[in-house]
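Working notes, structure below.
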Amino acid sequence: MPLYHNEDQAMLADTAAQFMAEEGSIKKQLRHWRDTGCKDGFGHDLWKQFAEMGFTGILVGEDDGGMGMGNVEAGIVLEQIGRNLTPSPFLTSSVLAATALNHASADLKGRYLPGLLSGESVFAIGIDEGGKHRPERISTKAEKSGNGFKLSGQKDFVIHGASADMIIVAARTSGNDDDNDGITLFAVPKDAAGLDQDAVKLVDSSVATHMKMNGVELDGDAVIGEVDGGRDILNKVLNAGRIGAAAEGCGVAGGAMDMTIDYLKQRKQFGKLIGEFQALQHRAAHLYSEVEIARAVTIKAGQLLDADSEKADLMVSVAKAKVAKAAGLAVKEGVQMHGGIGMTDEYDIGLFMKRDRALQEFLGDAYYHADRVAQMSGY
Amino acid sequence: MADLDNFRTETRAWLEANCPAEMREPARDESDIYWGGRKATFKNDAQKAWFEACVAKGYTVPAWPKEYGGAGLSAAEAKILRQEMAAINARPPLSSFGIWMLGPALLKFGTEGQKQRFLNEIARGEIRWCQGYSEPGSGSDLVSMQTFGEDKGDHWEVSGQKIWTSYANHADWIFCLVRTDKADKYQGITFMLFDMESQGVTTKPILLISGSSPFCETFFDGVEVPKSYGDDCPGFVGEINRGWDVAKYLLGHEREMISGMGGGEGTAAIGSALNRRAGKDGDSIDPCLRAELAMFDVDALSFTAMGEKFMDEMKAGKGHPAQPNMMKYVGTELNKRRHELMMSAGGSRSLEWESDETSGGKPSRNWLRTKANSIEGGTSEVMLNVVSKRILDLPGA
C-alpha cells in the first residue's frame, strides 16, 4: 500500500479540512468555550455536526451503522482537528471507546453505539492511575459481587470524564498490580452509585477528572470482552488512541509550522523580512523535515495497525514518540520565531503550544514510547 | 501479479545457480568490491564468475534497456531482484560511478551513439569512470568553478584543477564540468567526457582523517578533449554551455542515492545489535546511552517510513521536486549520529585503529568516514538553503 492517501482518503481529507476550518475554528470553538468558561470545554452542537458528517462512527462497523473505516481514516479527521485545535470528544469517544465497543457484546453495542452515531453521547476512558501513563500497572480492583462486580480505586486525568455518559475503565479482576493478565474492561455509566469525579481544567482548556470509585456496583453485562482477558482489547484500544493522538499531533505541528512560516514572510526587522535571515531559514527547513517525517511514520503505523501487522505495536510507539518530538519542536520554534507576540494570549501560536503539551502526555510521552521501542527491540 | 510471482521464482532459481557462496556475504573491505575498468583484476574466481554471469544476464544494470547492456527490468521487477539479492546477501557484482552517475545522465541527456558506446562499456565493466565537479575554490558554490576549456575548433584545450575526485587514480575516464564561457556563470559550463590517460592529466590522492585515500586532486594542463568521438558520439553530454543542467540533474540523483543510506526497508533498531555486542564483550550499555539509542531508533525507524513515502510519491509523481534535498539532509545527519552511538557503545574497543578484531580499525575509520556524508554531494547547510527557498518559499533565500 503506498504511503499516501488514495482517492477516497484524499476526498475525506478535503471534506474534513473544510469542515474543521469552517465549523471547528479556533475562534468559533476553542476560544469561545474557553472564554465562556464552559464546563465541558467543547460544544455539543459541533459534536452533533460531527455525527451528521459520519465522523463519530468512523471506526464503528457498517453492520452497526458506522462507516467501518480504519485508523488511517480516523487519523485524517484527527489531523484536521489538530490543525484547528478543535475541542471535541472525538479521540476519546470515536477512537478509544469505539475501538473497545467493537469488542463488546451485542447488548453493550446496542446500549451505547446509537448515542455515539447520533452525537448524543460522549465517552471517556479511564486508564492512568497517577500523573504518568503506566498502563502496565493497574491497581483499580474489580471484585465479584452478586452477579456483577464492585470497582474500587482511582483513575486520573480522565479526559472528558465529567462530560461522558459512559467511561470505559480498565480494572484488575485477578493477580498483582504489575501482572499482564487479570485485567477486565468495564463500561461504567456516569450515574453509577459510588462514582465520584473531581474535574480539573488543564493547560489546553480541556477538562479531565480524577475518578474515584468507592465500590461502584456494576452488572456482569458491563464487562467488555472476557473477564481477566481485557489486556488484548486494552492494547488494541491504546494503539488506536496512540496513533490517533499522533495524527492529531501531526495536525498541531503542521498548523503551528504553517503559521510560523507565514509570519517569517510578513514580519520585518532591520529593514528586512525576518524570513530572509539564514539563522531562521535553516531552523524552519529543519522543522519542515521533522514534520514531514512525523507525518510519514504516522501514516505507516496507521496502515500497519489497520492491516493487523505484527510490526504495528512497534511502529505505533515509534510514531507516537516521533510526533511528540516533531510537534514539540514546531510549537517551541513557533513561539520563539513569533517573538514577543508569541507570548500573548491574543495570538494563536501559544494555543498550539498548550495543546501539543497535553497531546504529548496523552497515552504516553516520547520517553515512554522510546523506552517501549527499546524493549520491543530487545534492549 | 502472476507474472511478477513467476519472475520472483525464476530470479531465485537464477541466483541460486549463478551466485557463488563466497559472494553471499557482505564485502569485508575495499578489495571485495569490484569496480571494473581497464586496470581491474578479480580478487578470486568467485568474484569473476559472479560478475560474468551478471554481465551476460544484464544484471550489472538491471533496469537499463537491453540494447545498452541492461536487462530491461520494470521498476517492480528490479525491486524483486533487489529483494532476492538482499535475501541471500548477494554482493553487487559491479560498483561504479558509471552505473550510479554517468549512466543516468546519459539515459536522460545522451545521444543514441553515446548510449550505445558508453552505457554498454559501463554495463560490461570495461571502463571505470570518475566525476570531476568540485574545485579548490568551488565547493558548496560549485557553479563558480574555473577549470577552463579553450575552443580550438574540433577540440577544447582544458586546464585547471578538480578536487575530491573519487578514485581518480584508478579511473579510466572522467565526466567533468569545464567552463567554456567565462561571461555566463550558469550557461557557460560544458559536461565533457575524456580519457584520464590523455596528455596533461595527473592525479594525486588525498590522505583523509580515516587514513584512506578515496579522493584525489586532479590536475589538467592543456588536456586535449575532442568535441566528437565519432558518428553521433559527442565528447560532451547535452549541449555545449548547458552542462549545468546535466550537473544539477546528477546532483539531485546523487542526493537521492546518499539519502537512502540511513534507511531501507530492512532497517532494524540499532540498539538491540549494539546491546548484544556489548554483552558479548562483557560490557554493558549505560542507561543514558540506552536512552539515546532509543531516541535514535525512533528517528531512524521514522525516517525509514519517510524513505518509503518518498519513493512511493516519486513513483506517482506526487512528491515535491526539491524533496531529495530534505532526504539527503536528514539521511546523512542520521548516519553520522548512528556512528557516534556505535563508537560510544563499543567503548575503547572501537578506538582500535590497527587490529584484526576490528578488521583494521573499521569502527573508527567508518565513523570518521561518515563525517563526509553531510559535506559531499551538497552540505547539510546547502540542503537547508534549498528547502527554505524551493519548498518553504522563504524570501531572499
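We label chains A, B, ... in the order they appear in the C-alpha cells, count residues from 1 in each chain, and number ligands from 1 in the order shown.
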Within 9 Å of Asp348 (chain A), counting only C-alpha atoms, which residues qualify if same-chain residues fewer than 3 places away don't, as a PDB file with C-alpha atoms, in the first residue's frame?
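What landed in part_5.pdb:
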ATOM      1  CA  ILE A  26     -10.078  28.319  16.982  1.00  0.00           C
ATOM      2  CA  ALA A 256       1.939  25.723  14.083  1.00  0.00           C
ATOM      3  CA  MET A 259       1.514  29.852  10.876  1.00  0.00           C
ATOM      4  CA  GLY A 342       4.135  34.655  20.567  1.00  0.00           C
ATOM      5  CA  THR A 344       0.471  36.926  24.084  1.00  0.00           C
ATOM      6  CA  ASP A 345      -2.901  35.266  24.522  1.00  0.00           C
ATOM      7  CA  LEU A 351      -2.656  27.756  21.989  1.00  0.00           C
ATOM      8  CA  PHE A 352      -0.800  25.289  19.761  1.00  0.00           C
TER       9      PHE A 352
END
Requested in this report: Please return as an NGL selection string: the residues of region 97-242 of chain A that backbone DSSP assigns to helix (DSSP H, G or I).
Outcome: :A and (97-101 or 106-118 or 161-163 or 220-222 or 230-242)
Please produce an output containing N, CA and C atoms for each residue in the selection, written as an mmCIF file, in the first residue's frame.
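Writing done, so here's part-v4.cif:
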data_model
loop_
_atom_site.group_PDB
_atom_site.id
_atom_site.type_symbol
_atom_site.label_atom_id
_atom_site.label_comp_id
_atom_site.auth_asym_id
_atom_site.auth_seq_id
_atom_site.Cartn_x
_atom_site.Cartn_y
_atom_site.Cartn_z
ATOM 1 N N ALA A 97 -13.034 4.715 22.784
ATOM 2 C CA ALA A 97 -14.209 3.958 23.241
ATOM 3 C C ALA A 97 -14.783 3.100 22.115
ATOM 4 N N ALA A 98 -14.808 3.639 20.899
ATOM 5 C CA ALA A 98 -15.367 2.870 19.779
ATOM 6 C C ALA A 98 -14.552 1.602 19.533
ATOM 7 N N THR A 99 -13.219 1.696 19.645
ATOM 8 C CA THR A 99 -12.386 0.507 19.461
ATOM 9 C C THR A 99 -12.715 -0.536 20.528
ATOM 10 N N ALA A 100 -12.942 -0.083 21.751
ATOM 11 C CA ALA A 100 -13.311 -1.017 22.818
ATOM 12 C C ALA A 100 -14.692 -1.614 22.542
ATOM 13 N N LEU A 101 -15.634 -0.752 22.179
ATOM 14 C CA LEU A 101 -17.004 -1.243 21.966
ATOM 15 C C LEU A 101 -17.091 -2.212 20.790
ATOM 16 N N ALA A 106 -23.242 -7.687 21.911
ATOM 17 C CA ALA A 106 -24.291 -7.014 21.133
ATOM 18 C C ALA A 106 -25.129 -6.115 22.045
ATOM 19 N N ASP A 107 -25.310 -6.571 23.252
ATOM 20 C CA ASP A 107 -26.099 -5.815 24.219
ATOM 21 C C ASP A 107 -25.458 -4.450 24.517
ATOM 22 N N LEU A 108 -24.156 -4.483 24.820
ATOM 23 C CA LEU A 108 -23.447 -3.221 25.114
ATOM 24 C C LEU A 108 -23.403 -2.313 23.888
ATOM 25 N N LYS A 109 -23.158 -2.924 22.733
ATOM 26 C CA LYS A 109 -23.146 -2.130 21.494
ATOM 27 C C LYS A 109 -24.486 -1.440 21.326
ATOM 28 N N GLY A 110 -25.559 -2.219 21.534
ATOM 29 C CA GLY A 110 -26.899 -1.664 21.370
ATOM 30 C C GLY A 110 -27.172 -0.546 22.365
ATOM 31 N N ARG A 111 -26.564 -0.647 23.530
ATOM 32 C CA ARG A 111 -26.795 0.367 24.554
ATOM 33 C C ARG A 111 -26.055 1.670 24.229
ATOM 34 N N TYR A 112 -24.836 1.549 23.663
ATOM 35 C CA TYR A 112 -24.006 2.745 23.551
ATOM 36 C C TYR A 112 -23.769 3.276 22.135
ATOM 37 N N LEU A 113 -23.748 2.386 21.157
ATOM 38 C CA LEU A 113 -23.370 2.868 19.824
ATOM 39 C C LEU A 113 -24.368 3.865 19.215
ATOM 40 N N PRO A 114 -25.682 3.673 19.378
ATOM 41 C CA PRO A 114 -26.594 4.641 18.757
ATOM 42 C C PRO A 114 -26.332 6.080 19.210
ATOM 43 N N GLY A 115 -26.047 6.259 20.498
ATOM 44 C CA GLY A 115 -25.762 7.600 21.014
ATOM 45 C C GLY A 115 -24.488 8.176 20.415
ATOM 46 N N LEU A 116 -23.523 7.303 20.177
ATOM 47 C CA LEU A 116 -22.270 7.759 19.559
ATOM 48 C C LEU A 116 -22.541 8.179 18.113
ATOM 49 N N LEU A 117 -23.295 7.335 17.406
ATOM 50 C CA LEU A 117 -23.557 7.611 15.990
ATOM 51 C C LEU A 117 -24.375 8.894 15.812
ATOM 52 N N SER A 118 -25.248 9.198 16.779
ATOM 53 C CA SER A 118 -26.093 10.394 16.640
ATOM 54 C C SER A 118 -25.435 11.640 17.228
ATOM 55 N N GLY A 161 -13.987 13.091 31.248
ATOM 56 C CA GLY A 161 -14.686 12.220 32.202
ATOM 57 C C GLY A 161 -15.980 12.846 32.714
ATOM 58 N N ALA A 162 -15.957 14.139 33.017
ATOM 59 C CA ALA A 162 -17.129 14.795 33.608
ATOM 60 C C ALA A 162 -18.251 14.973 32.590
ATOM 61 N N SER A 163 -17.917 14.966 31.303
ATOM 62 C CA SER A 163 -18.920 15.156 30.253
ATOM 63 C C SER A 163 -19.449 13.820 29.727
ATOM 64 N N GLY A 220 -22.947 -7.716 35.596
ATOM 65 C CA GLY A 220 -21.984 -8.521 34.845
ATOM 66 C C GLY A 220 -21.945 -8.147 33.375
ATOM 67 N N ASP A 221 -23.048 -7.617 32.860
ATOM 68 C CA ASP A 221 -23.064 -7.284 31.426
ATOM 69 C C ASP A 221 -22.347 -5.975 31.099
ATOM 70 N N ALA A 222 -21.748 -5.350 32.123
ATOM 71 C CA ALA A 222 -20.939 -4.154 31.854
ATOM 72 C C ALA A 222 -19.528 -4.522 31.398
ATOM 73 N N GLY A 230 -8.907 -8.784 29.445
ATOM 74 C CA GLY A 230 -9.045 -7.436 28.874
ATOM 75 C C GLY A 230 -7.773 -6.844 28.304
ATOM 76 N N ARG A 231 -6.619 -7.482 28.588
ATOM 77 C CA ARG A 231 -5.346 -6.854 28.185
ATOM 78 C C ARG A 231 -5.243 -6.711 26.665
ATOM 79 N N ASP A 232 -5.658 -7.741 25.954
ATOM 80 C CA ASP A 232 -5.547 -7.682 24.490
ATOM 81 C C ASP A 232 -6.399 -6.554 23.915
ATOM 82 N N ILE A 233 -7.643 -6.446 24.437
ATOM 83 C CA ILE A 233 -8.504 -5.367 23.943
ATOM 84 C C ILE A 233 -7.914 -4.016 24.348
ATOM 85 N N LEU A 234 -7.435 -3.959 25.594
ATOM 86 C CA LEU A 234 -6.838 -2.702 26.063
ATOM 87 C C LEU A 234 -5.686 -2.287 25.150
ATOM 88 N N ASN A 235 -4.847 -3.257 24.769
ATOM 89 C CA ASN A 235 -3.727 -2.919 23.886
ATOM 90 C C ASN A 235 -4.209 -2.397 22.535
ATOM 91 N N LYS A 236 -5.284 -2.997 22.028
ATOM 92 C CA LYS A 236 -5.840 -2.513 20.754
ATOM 93 C C LYS A 236 -6.390 -1.104 20.911
ATOM 94 N N VAL A 237 -7.074 -0.881 22.040
ATOM 95 C CA VAL A 237 -7.636 0.440 22.323
ATOM 96 C C VAL A 237 -6.508 1.474 22.430
ATOM 97 N N LEU A 238 -5.449 1.076 23.157
ATOM 98 C CA LEU A 238 -4.327 2.002 23.337
ATOM 99 C C LEU A 238 -3.639 2.298 22.007
ATOM 100 N N ASN A 239 -3.430 1.278 21.193
ATOM 101 C CA ASN A 239 -2.790 1.505 19.890
ATOM 102 C C ASN A 239 -3.613 2.464 19.040
ATOM 103 N N ALA A 240 -4.928 2.251 19.018
ATOM 104 C CA ALA A 240 -5.790 3.136 18.232
ATOM 105 C C ALA A 240 -5.709 4.566 18.762
ATOM 106 N N GLY A 241 -5.748 4.693 20.100
ATOM 107 C CA GLY A 241 -5.688 6.021 20.708
ATOM 108 C C GLY A 241 -4.351 6.693 20.470
ATOM 109 N N ARG A 242 -3.287 5.893 20.538
ATOM 110 C CA ARG A 242 -1.947 6.467 20.374
ATOM 111 C C ARG A 242 -1.720 6.938 18.941
#
Report task. Write down, as a PyMOL selection string, each residue of chain A that has any atom within 9 Å of an atom of chain B, counting only C-alpha atoms. Result -> chain A and resi 2-4+261-262+264-265+273-278+281-286+288-290+292-301+315+317-319+321-322+366-367+369-375+377-379
Query raised in the report: So which one's closest to Ala74 (chain A), A:Phe90, A:Glu52, A:Thr209, A:Gln360? Using only C-alpha atoms, please.
Result: A:Phe90
Query raised in the report: By how many Å are CA of Ala2 (chain B) and CA of Ser309 (chain A) apart?
Result: 23.9 Å
Report task. Go through B:Gly346, B:Trp14, B:Arg255, B:Tyr167 and flag the residue nearest Ser284 (chain B), using only C-alpha atoms for the distances. Result -> B:Gly346
Query raised in the report: Which residues, written as a VMD selection string, have at least one atom at most 8 Å from Lys155 (chain A), with only C-alpha atoms counted and residues fewer than 2 positions away on the same chain left out?
Result: chain A and resid 126 to 130 140 153 157 to 158 210 to 212
Those same residues - N, CA and C atoms - I'd like them written as a PDB file, in the first residue's frame.
ATOM      1  N   GLY A 126     -10.848   5.548  31.251  1.00  0.00           N
ATOM      2  CA  GLY A 126     -10.033   5.697  32.452  1.00  0.00           C
ATOM      3  C   GLY A 126      -8.944   4.648  32.486  1.00  0.00           C
ATOM      4  N   ILE A 127      -7.712   5.075  32.305  1.00  0.00           N
ATOM      5  CA  ILE A 127      -6.591   4.134  32.277  1.00  0.00           C
ATOM      6  C   ILE A 127      -5.556   4.505  33.336  1.00  0.00           C
ATOM      7  N   ASP A 128      -5.092   5.771  33.251  1.00  0.00           N
ATOM      8  CA  ASP A 128      -3.960   6.164  34.094  1.00  0.00           C
ATOM      9  C   ASP A 128      -4.350   6.239  35.572  1.00  0.00           C
ATOM     10  N   GLU A 129      -3.387   5.876  36.393  1.00  0.00           N
ATOM     11  CA  GLU A 129      -3.566   5.993  37.841  1.00  0.00           C
ATOM     12  C   GLU A 129      -2.381   6.783  38.360  1.00  0.00           C
ATOM     13  N   GLY A 130      -2.419   8.074  38.145  1.00  0.00           N
ATOM     14  CA  GLY A 130      -1.284   8.920  38.508  1.00  0.00           C
ATOM     15  C   GLY A 130      -0.997   9.893  37.380  1.00  0.00           C
ATOM     16  N   THR A 140      -6.555  -0.467  40.206  1.00  0.00           N
ATOM     17  CA  THR A 140      -8.004  -0.407  40.401  1.00  0.00           C
ATOM     18  C   THR A 140      -8.567  -1.833  40.420  1.00  0.00           C
ATOM     19  N   GLY A 153     -11.005   2.064  43.527  1.00  0.00           N
ATOM     20  CA  GLY A 153      -9.706   2.595  43.130  1.00  0.00           C
ATOM     21  C   GLY A 153      -9.867   3.974  42.531  1.00  0.00           C
ATOM     22  N   PHE A 157      -6.764  11.851  35.470  1.00  0.00           N
ATOM     23  CA  PHE A 157      -6.690  12.546  34.175  1.00  0.00           C
ATOM     24  C   PHE A 157      -7.514  11.836  33.108  1.00  0.00           C
ATOM     25  N   VAL A 158      -8.774  11.595  33.485  1.00  0.00           N
ATOM     26  CA  VAL A 158      -9.730  11.006  32.560  1.00  0.00           C
ATOM     27  C   VAL A 158     -10.283  12.161  31.711  1.00  0.00           C
ATOM     28  N   HIS A 210     -10.401  13.422  38.113  1.00  0.00           N
ATOM     29  CA  HIS A 210      -9.898  12.356  38.969  1.00  0.00           C
ATOM     30  C   HIS A 210     -11.140  11.565  39.344  1.00  0.00           C
ATOM     31  N   MET A 211     -11.116  10.300  38.995  1.00  0.00           N
ATOM     32  CA  MET A 211     -12.317   9.486  39.088  1.00  0.00           C
ATOM     33  C   MET A 211     -12.163   8.513  40.247  1.00  0.00           C
ATOM     34  N   LYS A 212     -12.936   8.788  41.302  1.00  0.00           N
ATOM     35  CA  LYS A 212     -12.810   7.917  42.490  1.00  0.00           C
ATOM     36  C   LYS A 212     -13.919   6.886  42.472  1.00  0.00           C
TER      37      LYS A 212
END
Distance query Lys66 (chain B) at most 12 Å, only C-alpha atoms, self and fewer than 2 positions along chain excluded, as a JSON list (two decimals) with C-alpha atoms, in the first residue's frame:
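Contents of around-v2.json, freshly written:
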[["chain", "number", "residue", "atom", "x", "y", "z"],
["B", 55, "VAL", "CA", 27.01, -9.16, -17.35],
["B", 56, "ALA", "CA", 25.57, -11.94, -19.52],
["B", 57, "LYS", "CA", 22.16, -11.54, -17.89],
["B", 58, "GLY", "CA", 22.21, -7.71, -17.90],
["B", 59, "TYR", "CA", 22.16, -7.69, -14.09],
["B", 60, "THR", "CA", 25.02, -5.27, -13.56],
["B", 61, "VAL", "CA", 22.46, -2.61, -14.58],
["B", 62, "PRO", "CA", 19.14, -4.49, -14.38],
["B", 63, "ALA", "CA", 16.83, -1.55, -15.07],
["B", 64, "TRP", "CA", 18.70, -0.26, -18.14],
["B", 68, "TYR", "CA", 22.58, -0.72, -23.61],
["B", 69, "GLY", "CA", 23.68, -3.76, -21.63],
["B", 70, "GLY", "CA", 20.87, -3.90, -19.11],
["B", 71, "ALA", "CA", 18.14, -6.45, -18.53],
["B", 72, "GLY", "CA", 15.29, -4.06, -19.27],
["B", 73, "LEU", "CA", 13.55, -4.82, -15.98],
["B", 74, "SER", "CA", 10.49, -2.86, -14.92],
["B", 115, "LYS", "CA", 24.34, 5.47, -25.16],
["B", 116, "GLN", "CA", 25.40, 2.62, -27.46],
["B", 119, "LEU", "CA", 26.40, 2.59, -21.49],
["B", 120, "ASN", "CA", 27.49, -0.77, -22.88],
["B", 123, "ALA", "CA", 27.41, -2.34, -18.10]]
Query raised in the report: Near Met23 (chain B), counting only C-alpha atoms, which residues have an atom at most 12 Å away, once you skip same-chain residues fewer than 6 positions from it, shown as a ChimeraX atom specification?
Result: /B:15-16,32-34,43-51,85-86,88-94
Report summary line: Pairwise distance, CA of Phe219 (chain B) with CA of Leu177 (chain B), equals 13.2 Å
Query - Who sits within 8 Å of Leu78 (chain A), only C-alpha atoms, same chain under 3 positions skipped, as a list of chain:residue names - result: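 Counting only the stated atoms, we get A:Ala74, A:Gly75, A:Ile81, A:Gly82, A:Leu91, A:Gly244, A:Ala245, A:Ala247, A:Glu248, A:Gly251.
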Requested in this report: Compile the contact shell of region 357-370 of chain B as number ranges by chain: residues with an atom at most 6 Å away, counting only C-alpha atoms, same-chain residues fewer than 3 positions apart removed.
Outcome: B: 210, 336, 339, 350-354, 373
Report task. Would you please give, as a PyMOL selection string, all residues of region 171-367 of chain B that DSSP assigns to strand (DSSP E) based on the backbone? Result -> chain B and resi 173-179+189-195+201-206+215-226+236-237
Requested in this report: Return the single residue from B:Asp172, B:Asp5, B:Glu224, B:Glu333 that is closest to Gly200 (chain B), with distances computed using only C-alpha atoms.
Outcome: B:Glu224
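Taking CA of Gly377 (chain B) as the reference point, CA of Glu254 (chain B) is found at 6.6 Å.
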**Report entry** From B:Thr379, B:Ala171, B:Leu106, B:Cys216, residue lying nearest Met196 (chain B) [only C-alpha atoms]
**Finding:**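 Checking each candidate against Met196 (chain B), we get B:Ala171 as the closest.
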